[in-house]
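Novice: File entry_16.pdb follows (PDB, C-alpha atoms and all ligand atoms):
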```
ATOM      1  CA  MET A   1       0.000   0.000   0.000
ATOM      2  CA  LYS A   2       1.032   3.592  -0.575
ATOM      3  CA  ILE A   3       0.634   5.243   2.831
ATOM      4  CA  ALA A   4       0.315   8.944   3.724
ATOM      5  CA  LEU A   5       1.526   9.692   7.244
ATOM      6  CA  LEU A   6      -0.425  12.707   8.497
ATOM      7  CA  GLY A   7       1.792  13.616  11.431
ATOM      8  CA  TYR A   8       5.436  12.586  11.395
ATOM      9  CA  GLY A   9       6.351  12.806  15.052
ATOM     10  CA  ARG A  10       6.960  10.001  17.562
ATOM     11  CA  MET A  11       4.095   7.858  16.263
ATOM     12  CA  GLY A  12       4.512   8.741  12.580
ATOM     13  CA  LYS A  13       8.137   7.572  12.694
ATOM     14  CA  GLU A  14       7.257   4.365  14.554
ATOM     15  CA  ILE A  15       4.488   3.620  12.039
ATOM     16  CA  GLU A  16       6.884   4.222   9.138
ATOM     17  CA  LYS A  17       9.269   1.515  10.437
ATOM     18  CA  ILE A  18       6.501  -1.039  10.849
ATOM     19  CA  ALA A  19       4.806  -0.175   7.548
ATOM     20  CA  ILE A  20       8.070  -0.593   5.615
ATOM     21  CA  SER A  21       8.802  -3.885   7.393
ATOM     22  CA  ARG A  22       5.380  -5.121   6.183
ATOM     23  CA  GLY A  23       6.130  -4.189   2.560
ATOM     24  CA  HIS A  24       4.347  -0.810   2.339
ATOM     25  CA  GLU A  25       5.625   2.440   0.892
ATOM     26  CA  ILE A  26       5.407   5.864   2.572
ATOM     27  CA  VAL A  27       4.465   8.431  -0.082
ATOM     28  CA  ILE A  28       3.613  11.415   2.154
ATOM     29  CA  ARG A  29       5.089  12.521   5.496
ATOM     30  CA  LYS A  30       3.053  15.530   6.589
ATOM     31  CA  ALA A  31       4.093  17.765   9.460
ATOM     32  CA  ALA A  32       2.570  21.115  10.353
ATOM     33  CA  ASP A  33       0.933  23.091   7.521
ATOM     34  CA  THR A  34       2.663  21.286   4.636
ATOM     35  CA  GLU A  35       0.746  21.261   1.340
ATOM     36  CA  ILE A  36       0.127  17.688   0.180
ATOM     37  CA  ASP A  37      -1.648  15.857  -2.623
ATOM     38  CA  ILE A  38      -3.418  13.149  -0.630
ATOM     39  CA  THR A  39      -4.630  11.386  -3.796
ATOM     40  CA  GLN A  40      -1.142   9.891  -4.222
ATOM     41  CA  ALA A  41      -1.894   7.600  -1.271
ATOM     42  CA  ASP A  42      -3.979   4.398  -1.048
ATOM     43  CA  VAL A  43      -4.583   5.037   2.642
ATOM     44  CA  ALA A  44      -3.773   7.727   5.208
ATOM     45  CA  ILE A  45      -2.717   7.258   8.832
ATOM     46  CA  ASP A  46      -3.277  10.347  10.981
ATOM     47  CA  PHE A  47      -1.299  10.683  14.217
ATOM     48  CA  SER A  48      -1.043  14.461  14.344
ATOM     49  CA  ILE A  49      -2.259  17.028  16.870
ATOM     50  CA  PRO A  50      -5.733  17.741  18.287
ATOM     51  CA  THR A  51      -6.170  20.968  16.274
ATOM     52  CA  SER A  52      -5.263  19.425  12.901
ATOM     53  CA  ALA A  53      -6.861  15.963  13.005
ATOM     54  CA  PHE A  54     -10.341  16.988  11.816
ATOM     55  CA  GLU A  55      -8.990  18.829   8.767
ATOM     56  CA  ASN A  56      -6.569  16.020   7.893
ATOM     57  CA  ILE A  57      -9.265  13.368   8.180
ATOM     58  CA  THR A  58     -11.995  15.193   6.258
ATOM     59  CA  ASN A  59      -9.526  16.105   3.483
ATOM     60  CA  CYS A  60      -9.045  12.338   3.027
ATOM     61  CA  PHE A  61     -12.818  11.725   2.852
ATOM     62  CA  ARG A  62     -13.240  14.493   0.266
ATOM     63  CA  ASN A  63     -10.517  12.925  -1.880
ATOM     64  CA  GLY A  64     -11.645   9.295  -1.599
ATOM     65  CA  VAL A  65      -8.728   8.165   0.574
ATOM     66  CA  PRO A  66      -9.487   5.760   3.468
ATOM     67  CA  VAL A  67      -8.185   7.043   6.781
ATOM     68  CA  VAL A  68      -7.071   5.579  10.091
ATOM     69  CA  SER A  69      -6.750   8.090  12.920
ATOM     70  CA  GLY A  70      -5.212   7.711  16.358
ATOM     71  CA  THR A  71      -4.974  11.411  17.204
ATOM     72  CA  THR A  72      -6.600  12.179  20.541
ATOM     73  CA  GLY A  73      -8.183  15.368  21.858
ATOM     74  CA  TRP A  74     -10.296  16.269  18.781
ATOM     75  CA  LEU A  75     -13.467  14.244  19.429
ATOM     76  CA  ASP A  76     -15.749  17.295  19.836
ATOM     77  CA  ASN A  77     -15.746  17.150  16.020
ATOM     78  CA  TYR A  78     -16.073  13.364  15.723
ATOM     79  CA  SER A  79     -19.760  13.270  14.727
ATOM     80  CA  LYS A  80     -19.196  16.062  12.176
ATOM     81  CA  ALA A  81     -16.367  13.965  10.707
ATOM     82  CA  LEU A  82     -18.684  10.941  10.484
ATOM     83  CA  ASP A  83     -21.240  13.018   8.552
ATOM     84  CA  ILE A  84     -18.570  14.086   6.062
ATOM     85  CA  CYS A  85     -17.386  10.472   5.806
ATOM     86  CA  GLU A  86     -20.908   9.334   5.001
ATOM     87  CA  GLU A  87     -21.545  12.162   2.474
ATOM     88  CA  ASN A  88     -18.398  11.148   0.595
ATOM     89  CA  LYS A  89     -18.855   7.363   1.008
ATOM     90  CA  GLY A  90     -15.529   7.344   2.817
ATOM     91  CA  ALA A  91     -13.777   4.729   4.954
ATOM     92  CA  PHE A  92     -12.689   5.492   8.514
ATOM     93  CA  ILE A  93     -11.318   3.901  11.654
ATOM     94  CA  TYR A  94     -10.687   5.971  14.767
ATOM     95  CA  ALA A  95      -9.272   4.419  17.936
ATOM     96  CA  SER A  96      -8.041   6.155  21.062
ATOM     97  CA  ASN A  97      -5.610   3.247  21.309
ATOM     98  CA  PHE A  98      -4.582   0.865  18.527
ATOM     99  CA  SER A  99      -2.728  -1.734  20.592
ATOM    100  CA  VAL A 100      -4.233  -5.210  20.787
ATOM    101  CA  GLY A 101      -3.577  -5.302  24.527
ATOM    102  CA  VAL A 102      -5.519  -2.105  25.225
ATOM    103  CA  ASN A 103      -8.427  -3.239  23.057
ATOM    104  CA  ILE A 104      -8.645  -6.426  25.164
ATOM    105  CA  PHE A 105      -8.305  -4.225  28.264
ATOM    106  CA  PHE A 106     -11.274  -2.094  27.061
ATOM    107  CA  GLU A 107     -13.461  -5.218  27.019
ATOM    108  CA  LEU A 108     -12.154  -6.428  30.398
ATOM    109  CA  ASN A 109     -12.911  -2.976  31.846
ATOM    110  CA  LYS A 110     -16.530  -3.130  30.609
ATOM    111  CA  GLN A 111     -17.008  -6.648  31.991
ATOM    112  CA  LEU A 112     -15.591  -5.647  35.375
ATOM    113  CA  ALA A 113     -17.778  -2.526  35.466
ATOM    114  CA  LYS A 114     -20.846  -4.681  34.749
ATOM    115  CA  MET A 115     -19.905  -7.051  37.595
ATOM    116  CA  MET A 116     -19.322  -4.175  40.015
ATOM    117  CA  SER A 117     -22.473  -2.274  39.066
ATOM    118  CA  ASN A 118     -24.641  -3.981  41.685
ATOM    119  CA  ILE A 119     -22.014  -4.179  44.431
ATOM    120  CA  ASP A 120     -22.024  -1.444  47.059
ATOM    121  CA  ASN A 121     -19.143   0.119  48.952
ATOM    122  CA  TYR A 122     -16.584   0.337  46.138
ATOM    123  CA  ASP A 123     -15.309   3.690  44.867
ATOM    124  CA  ILE A 124     -14.051   3.838  41.282
ATOM    125  CA  ALA A 125     -10.824   5.670  40.471
ATOM    126  CA  MET A 126      -8.657   5.886  37.360
ATOM    127  CA  GLU A 127      -5.094   6.949  36.590
ATOM    128  CA  GLU A 128      -3.247   7.494  33.323
ATOM    129  CA  ILE A 129       0.499   8.125  33.061
ATOM    130  CA  HIS A 130       2.168   9.473  29.913
ATOM    131  CA  HIS A 131       5.349  11.219  28.780
ATOM    132  CA  THR A 132       5.677  14.946  29.414
ATOM    133  CA  LYS A 133       5.279  15.904  25.712
ATOM    134  CA  LYS A 134       1.650  14.780  25.619
ATOM    135  CA  LEU A 135      -0.657  17.688  24.684
ATOM    136  CA  ASP A 136      -3.996  16.394  26.005
ATOM    137  CA  ALA A 137      -5.292  15.192  29.383
ATOM    138  CA  PRO A 138      -6.868  12.907  30.236
ATOM    139  CA  SER A 139      -5.618  10.547  27.531
ATOM    140  CA  GLY A 140      -8.014   9.357  24.845
ATOM    141  CA  THR A 141      -7.595   5.829  26.219
ATOM    142  CA  ALA A 142      -8.629   6.969  29.707
ATOM    143  CA  ILE A 143     -11.734   8.616  28.229
ATOM    144  CA  THR A 144     -12.641   5.389  26.381
ATOM    145  CA  LEU A 145     -12.168   3.429  29.625
ATOM    146  CA  ALA A 146     -14.359   5.919  31.509
ATOM    147  CA  GLU A 147     -17.036   5.645  28.813
ATOM    148  CA  GLY A 148     -16.939   1.837  29.198
ATOM    149  CA  ILE A 149     -17.606   2.249  32.918
ATOM    150  CA  ILE A 150     -20.343   4.848  32.368
ATOM    151  CA  GLU A 151     -22.155   2.499  29.914
ATOM    152  CA  ASN A 152     -22.225  -0.233  32.539
ATOM    153  CA  THR A 153     -22.685   1.508  35.909
ATOM    154  CA  SER A 154     -24.623   4.395  37.424
ATOM    155  CA  LYS A 155     -21.659   6.760  36.851
ATOM    156  CA  GLU A 156     -22.596   9.709  34.652
ATOM    157  CA  ASN A 157     -19.334  11.372  33.678
ATOM    158  CA  TRP A 158     -15.589  11.572  34.299
ATOM    159  CA  ASP A 159     -13.680  14.313  36.006
ATOM    160  CA  LEU A 160     -10.008  15.349  36.207
ATOM    161  CA  ASP A 161     -10.545  16.382  39.806
ATOM    162  CA  GLU A 162      -9.683  13.780  42.457
ATOM    163  CA  ALA A 163     -12.376  15.239  44.688
ATOM    164  CA  SER A 164     -14.881  14.413  41.977
ATOM    165  CA  SER A 165     -18.608  14.304  42.652
ATOM    166  CA  GLU A 166     -20.273  11.008  43.621
ATOM    167  CA  ASN A 167     -21.660  10.560  40.083
ATOM    168  CA  ASN A 168     -18.345  11.097  38.324
ATOM    169  CA  ILE A 169     -15.275   8.915  37.812
ATOM    170  CA  PRO A 170     -12.144  10.753  39.002
ATOM    171  CA  ILE A 171      -9.190  10.467  36.606
ATOM    172  CA  VAL A 172      -5.675  11.395  37.698
ATOM    173  CA  ALA A 173      -3.387  12.293  34.755
ATOM    174  CA  LYS A 174       0.349  12.091  35.548
ATOM    175  CA  ARG A 175       3.151  13.209  33.238
ATOM    176  CA  ILE A 176       6.523  11.475  33.681
ATOM    177  CA  PRO A 177       9.368  11.609  31.090
ATOM    178  CA  GLU A 178       9.432   8.798  28.487
ATOM    179  CA  VAL A 179       6.366   6.844  29.700
ATOM    180  CA  PRO A 180       4.603   5.442  26.567
ATOM    181  CA  GLY A 181       1.235   4.959  28.317
ATOM    182  CA  THR A 182      -0.038   3.306  31.525
ATOM    183  CA  HIS A 183      -3.711   3.064  32.483
ATOM    184  CA  SER A 184      -5.201   1.777  35.746
ATOM    185  CA  VAL A 185      -8.767   1.362  36.972
ATOM    186  CA  TRP A 186      -9.433   0.735  40.670
ATOM    187  CA  TYR A 187     -12.442  -0.291  42.699
ATOM    188  CA  ASN A 188     -11.552   0.561  46.296
ATOM    189  CA  SER A 189     -13.473  -0.483  49.392
ATOM    190  CA  GLU A 190     -12.610  -0.303  53.068
ATOM    191  CA  VAL A 191     -11.572  -3.960  53.055
ATOM    192  CA  ASP A 192      -9.853  -4.414  49.685
ATOM    193  CA  SER A 193      -9.101  -3.077  46.216
ATOM    194  CA  ILE A 194      -9.509  -4.500  42.744
ATOM    195  CA  GLU A 195      -7.106  -3.081  40.135
ATOM    196  CA  ILE A 196      -6.821  -3.637  36.395
ATOM    197  CA  LYS A 197      -3.843  -2.091  34.645
ATOM    198  CA  HIS A 198      -2.367  -1.909  31.154
ATOM    199  CA  THR A 199       1.263  -0.891  30.689
ATOM    200  CA  ALA A 200       2.648  -0.142  27.233
ATOM    201  CA  HIS A 201       6.386  -0.946  27.140
ATOM    202  CA  SER A 202       6.933   1.047  23.931
ATOM    203  CA  ARG A 203       4.962   2.634  21.035
ATOM    204  CA  LYS A 204       5.354  -0.482  18.848
ATOM    205  CA  GLY A 205       1.964  -1.948  19.796
ATOM    206  CA  PHE A 206       0.114   1.279  18.892
ATOM    207  CA  ALA A 207       1.984   1.550  15.577
ATOM    208  CA  LEU A 208       1.468  -2.087  14.566
ATOM    209  CA  GLY A 209      -2.248  -1.833  15.360
ATOM    210  CA  ALA A 210      -2.575   1.275  13.178
ATOM    211  CA  VAL A 211      -0.843  -0.390  10.206
ATOM    212  CA  VAL A 212      -2.950  -3.555  10.585
ATOM    213  CA  ALA A 213      -6.072  -1.345  10.720
ATOM    214  CA  ALA A 214      -5.002   0.445   7.495
ATOM    215  CA  GLU A 215      -4.418  -2.902   5.742
ATOM    216  CA  TRP A 216      -7.855  -4.083   6.914
ATOM    217  CA  LEU A 217      -9.626  -0.855   5.850
ATOM    218  CA  LEU A 218      -8.354  -0.791   2.253
ATOM    219  CA  GLY A 219     -11.222  -1.496  -0.159
ATOM    220  CA  LYS A 220     -13.968  -1.012   2.460
ATOM    221  CA  THR A 221     -16.561   1.779   2.837
ATOM    222  CA  GLY A 222     -17.968   2.926   6.176
ATOM    223  CA  VAL A 223     -16.999   3.675   9.748
ATOM    224  CA  PHE A 224     -15.311   0.916  11.740
ATOM    225  CA  THR A 225     -13.584   0.359  15.063
ATOM    226  CA  MET A 226     -10.703  -1.779  16.306
ATOM    227  CA  LYS A 227     -13.311  -4.292  17.492
ATOM    228  CA  ASP A 228     -14.107  -4.897  13.811
ATOM    229  CA  VAL A 229     -10.432  -5.140  12.864
ATOM    230  CA  LEU A 230      -9.552  -7.529  15.698
ATOM    231  CA  ASN A 231     -12.841  -9.415  15.473
ATOM    232  CA  ILE A 232     -13.487  -8.969  19.203
ATOM    233  CA  SER A 233     -17.054  -9.897  20.169
TER     234      SER A 233
HETATM  235  N1  LIG B   1      -4.482   5.930  19.229
HETATM  236  C1  LIG B   1      -3.290   5.488  19.616
HETATM  237  O1  LIG B   1      -3.013   4.276  19.672
HETATM  238  C2  LIG B   1      -2.243   6.491  19.962
HETATM  239  C3  LIG B   1      -2.525   7.818  19.841
HETATM  240  N2  LIG B   1      -1.561   8.751  20.036
HETATM  241  C4  LIG B   1      -1.941  10.118  19.734
HETATM  242  O2  LIG B   1      -1.356  10.441  18.476
HETATM  243  C5  LIG B   1      -1.072  11.828  18.411
HETATM  244  C6  LIG B   1       0.376  12.022  18.010
HETATM  245  O3  LIG B   1       1.214  11.544  19.014
HETATM  246  P1  LIG B   1       2.805  11.684  18.888
HETATM  247  O4  LIG B   1       3.288  11.112  17.600
HETATM  248  O5  LIG B   1       3.352  11.195  20.159
HETATM  249  O6  LIG B   1       2.945  13.279  18.830
HETATM  250  P2  LIG B   1       4.114  14.159  18.183
HETATM  251  O7  LIG B   1       3.990  15.509  18.790
HETATM  252  O8  LIG B   1       5.416  13.439  18.285
HETATM  253  O9  LIG B   1       3.720  14.219  16.645
HETATM  254  C7  LIG B   1       2.691  15.007  16.141
HETATM  255  C8  LIG B   1       3.078  15.391  14.751
HETATM  256  O10 LIG B   1       1.994  16.082  14.141
HETATM  257  C9  LIG B   1       2.559  17.084  13.347
HETATM  258  N3  LIG B   1       1.609  18.101  12.945
HETATM  259  C10 LIG B   1       1.358  19.347  13.451
HETATM  260  N4  LIG B   1       0.417  19.973  12.716
HETATM  261  C11 LIG B   1       0.061  19.097  11.742
HETATM  262  C12 LIG B   1      -0.844  19.147  10.671
HETATM  263  N5  LIG B   1      -1.586  20.250  10.417
HETATM  264  N6  LIG B   1      -0.964  18.059   9.870
HETATM  265  C13 LIG B   1      -0.209  16.967  10.070
HETATM  266  N7  LIG B   1       0.687  16.870  11.064
HETATM  267  C14 LIG B   1       0.814  17.920  11.886
HETATM  268  C15 LIG B   1       3.685  17.626  14.182
HETATM  269  O11 LIG B   1       4.568  18.336  13.333
HETATM  270  P3  LIG B   1       5.525  19.475  13.930
HETATM  271  O12 LIG B   1       6.464  18.743  14.821
HETATM  272  O13 LIG B   1       6.165  20.036  12.704
HETATM  273  O14 LIG B   1       4.615  20.432  14.658
HETATM  274  C16 LIG B   1       4.289  16.307  14.691
HETATM  275  O15 LIG B   1       5.189  15.775  13.746
HETATM  276  C17 LIG B   1      -1.471  12.392  19.783
HETATM  277  O16 LIG B   1      -2.763  12.917  19.707
HETATM  278  C18 LIG B   1      -1.448  11.161  20.678
HETATM  279  O17 LIG B   1      -2.304  11.285  21.784
HETATM  280  C19 LIG B   1      -0.303   8.415  20.396
HETATM  281  C20 LIG B   1       0.030   7.111  20.576
HETATM  282  C21 LIG B   1      -0.911   6.040  20.379
HETATM  283  O1  LIG B   2       0.015  10.589  23.467
HETATM  284  C1  LIG B   2       0.370   9.412  23.628
HETATM  285  O2  LIG B   2       1.552   9.075  23.717
HETATM  286  C2  LIG B   2      -0.673   8.373  23.676
HETATM  287  N1  LIG B   2      -1.899   8.743  23.403
HETATM  288  C3  LIG B   2      -3.031   7.903  23.345
HETATM  289  C4  LIG B   2      -4.055   8.355  24.352
HETATM  290  O3  LIG B   2      -4.237   9.571  24.530
HETATM  291  O4  LIG B   2      -4.710   7.508  24.948
HETATM  292  C5  LIG B   2      -2.703   6.444  23.385
HETATM  293  C6  LIG B   2      -1.492   6.065  24.183
HETATM  294  O5  LIG B   2      -1.838   5.954  25.521
HETATM  295  C7  LIG B   2      -0.311   6.974  23.960
END
```
Take the structure from the file and write it as structure tokens.

Specialist:
Amino acid sequence: MKIALLGYGRMGKEIEKIAISRGHEIVIRKAADTEIDITQADVAIDFSIPTSAFENITNCFRNGVPVVSGTTGWLDNYSKALDICEENKGAFIYASNFSVGVNIFFELNKQLAKMMSNIDNYDIAMEEIHHTKKLDAPSGTAITLAEGIIENTSKENWDLDEASSENNIPIVAKRIPEVPGTHSVWYNSEVDSIEIKHTAHSRKGFALGAVVAAEWLLGKTGVFTMKDVLNIS
């Protein structure tokens, strides 16, 4: 496949290595405000910045190029992007986290939330830890985890404040140099705690997942998720 990398930072460079090792060619490496002709590419992979993702993605839809996006912090415009995808009969996969491990962890989190939903005396808490260069907080992955809990419990929202209200899930976002991404969910009671945790050891898992998603998306029309790609039921 001829791949356009929309965003050529830490993730763009990691994706390039994996894409080349799987026999693909990188035809575009887009950083800030570069003019590109997206129609040269068979597929685009967007790992850019929150303020540019929507424009990058919708430019692909308007030019008939399937797009995989992992950029976080732009989801206020997600439903608008889906409308533009549909209008143009585009192909799209967004995931807050492309690693196989985190996508399993998302399902585990929902199952645990369902089990805990009728049990009293446990307080939910979440933590995400990332490198100090990260622009957004909480992480997209933490928001997806919180949404999985909200779908399955009486919690109504998430909150970056530890002294969150009873109906909200408190998320603590820590920034520590070089950490690729660690997410924990706790259920704490007076007598014990249950913890589930995912630790990324590098960015390789995110990058491989994004390339596999791009390979899977080629030739399809519509909006998909990593559950479709990984065939998780
Ligand atoms: N879903 C997932 O699995 C994962 C998601 N992410 C997310 O991916 C995004 C990128 O992360 P990361 O690679 O670490 O960040 P970086 O800051 O290393 O890279 C972002 C890149 O985007 C470029 N950029 C800026 N403006 C534009 C634009 N208009 N069009 C295209 N590119 C642009 C920047 O260029 P310049 O340097 O010139 O400004 C930079 O090269 C973040 O939102 C992060 O949260 C990260 C890891 C995994
Ligand atoms: O910015 C990062 O680095 C990461 N961002 C994603 C997120 O916000 O969840 C995924 C991963 O945790 C790394």

Novice: If we count all atoms listed in the file, what is near Lys110 of chain A at a cut-off of 12 Å, once residues fewer than 4 positions away on the same chain are taken out, given as a ChimeraX atom specification?

Specialist: /A:103-106,114-117,144-153,185,196

Novice: What is the atom C15 of ligand LIG 1 (chain B)-atom CA of Leu230 of chain A distance in Å, reported with one decimal?

Specialist: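 These atoms are spaced 28.5 Å apart.
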
Novice: Around ligand LIG 2 (chain B), which protein and nucleic acid residues have at least one atom no more than 6 Å from it, if we count all atoms listed in the file? List them as a list of chain:residue names.

Specialist: A:Thr72, A:Ser96, A:Asn97, A:Lys134, A:Ser139, A:Gly140, A:Thr141, A:Pro180, A:Gly181

Novice: Quick one: of A:His24, A:Arg62, A:Arg203, A:Lys2, who's nearest to ligand LIG 1 (chain B), counting all atoms listed in the file?

Specialist: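 Looking at the shortest contact to ligand LIG 1 (chain B), the residue is A:Arg203.
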
Novice: When the PyMOL selection byres (((chain A and resi 85) around 10) and not hetatm) is applied to the structure above, which residues does it catch, written out as a list of chain:residue names?

Specialist: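 That selection, the PyMOL selection byres (((chain A and resi 85) around 10) and not hetatm), comes back as A:Ile57, A:Thr58, A:Asn59, A:Cys60, A:Phe61, A:Arg62, A:Gly64, A:Pro66, A:Val67, A:Ser79, A:Lys80, A:Ala81, A:Leu82, A:Asp83, A:Ile84, A:Glu86, A:Glu87, A:Asn88, A:Lys89, A:Gly90, A:Ala91, A:Phe92, A:Thr221, A:Gly222, A:Val223.
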
Novice: Sorted by chain and rising residue number, which residues of segment 98-160 of chain A lie within 10 Å of segment 204-211 of chain A, and what are their closest atom pairs and distances in Å to one decimal, counting all atoms listed in the file, as CSV?

Specialist:
```
residue,atom,partner,partner_atom,distance
A:Phe98,CA,A:Phe206,CA,4.7
A:Ser99,CA,A:Phe206,CA,4.5
A:Val100,CA,A:Gly209,CA,6.7
A:Gly101,CA,A:Gly205,CA,8.0
A:Val102,CA,A:Phe206,CA,9.1
A:Asn103,CA,A:Gly209,CA,10.0
```

Novice: How many Å separate atom C12 of ligand LIG 1 (chain B) from atom CA of His131 of chain A?

Specialist: 20.7 Å

Novice: Could I get the residue neighbourhood of ligand LIG 1 (chain B) at 6 Å, counting all atoms listed in the file, as a list in words?

Specialist: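 Here is the list of contacting residues: Leu6, Gly7, Tyr8, Gly9, Arg10, Met11, Gly12, Lys30, Ala31, Ala32, Asp33, Phe47, Ser48, Ile49, Pro50, Ser52, Gly70, Thr71, Thr72, Ala95, Ser96, Asn97, Phe98 and Phe206 of chain A.
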
Novice: Enter the distance from atom CA of Asp136 of chain A to atom CA of Gly73 of chain A, in Å, rounded to one decimal.

Specialist: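 Interatomic distance, atom CA of Asp136 of chain A to atom CA of Gly73 of chain A: 6.0 Å.
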
Novice: When you count only C-alpha atoms, which of these residues is closest to Trp216 of chain A: A:Leu112, A:Ile194, A:Ile93, A:Ala125?

Specialist: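 Ranked by minimum distance to Trp216 of chain A, first place goes to A:Ile93.
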
Novice: Specify the axis-aligned box that encloses all atoms of segment 148-161 of chain A listed in the file after padding of 8 Å on each side, stating its centre and edge lengths in Å to one decimal as JSON.

Specialist:
```
{"center_x": -17.3, "center_y": 8.1, "center_z": 34.5, "size_x": 30.6, "size_y": 32.6, "size_z": 26.6}
```

Novice: So which residues get picked by the PyMOL selection byres (((chain A and resi 19) around 12) and not hetatm) here, written as number ranges by chain?

Specialist: A: 1-5, 11-18, 20-27, 43-45, 204, 207-215

Novice: Write out as a list of chain:residue names the residues lying within 7 Å of Pro170 of chain A, counting all atoms listed in the file and excluding same-chain residues fewer than 2 positions away.

Specialist: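 Result of the neighbour search: A:Ala125, A:Met126, A:Trp158, A:Asp159, A:Leu160, A:Asp161, A:Glu162, A:Ser164, A:Asn168, A:Val172.
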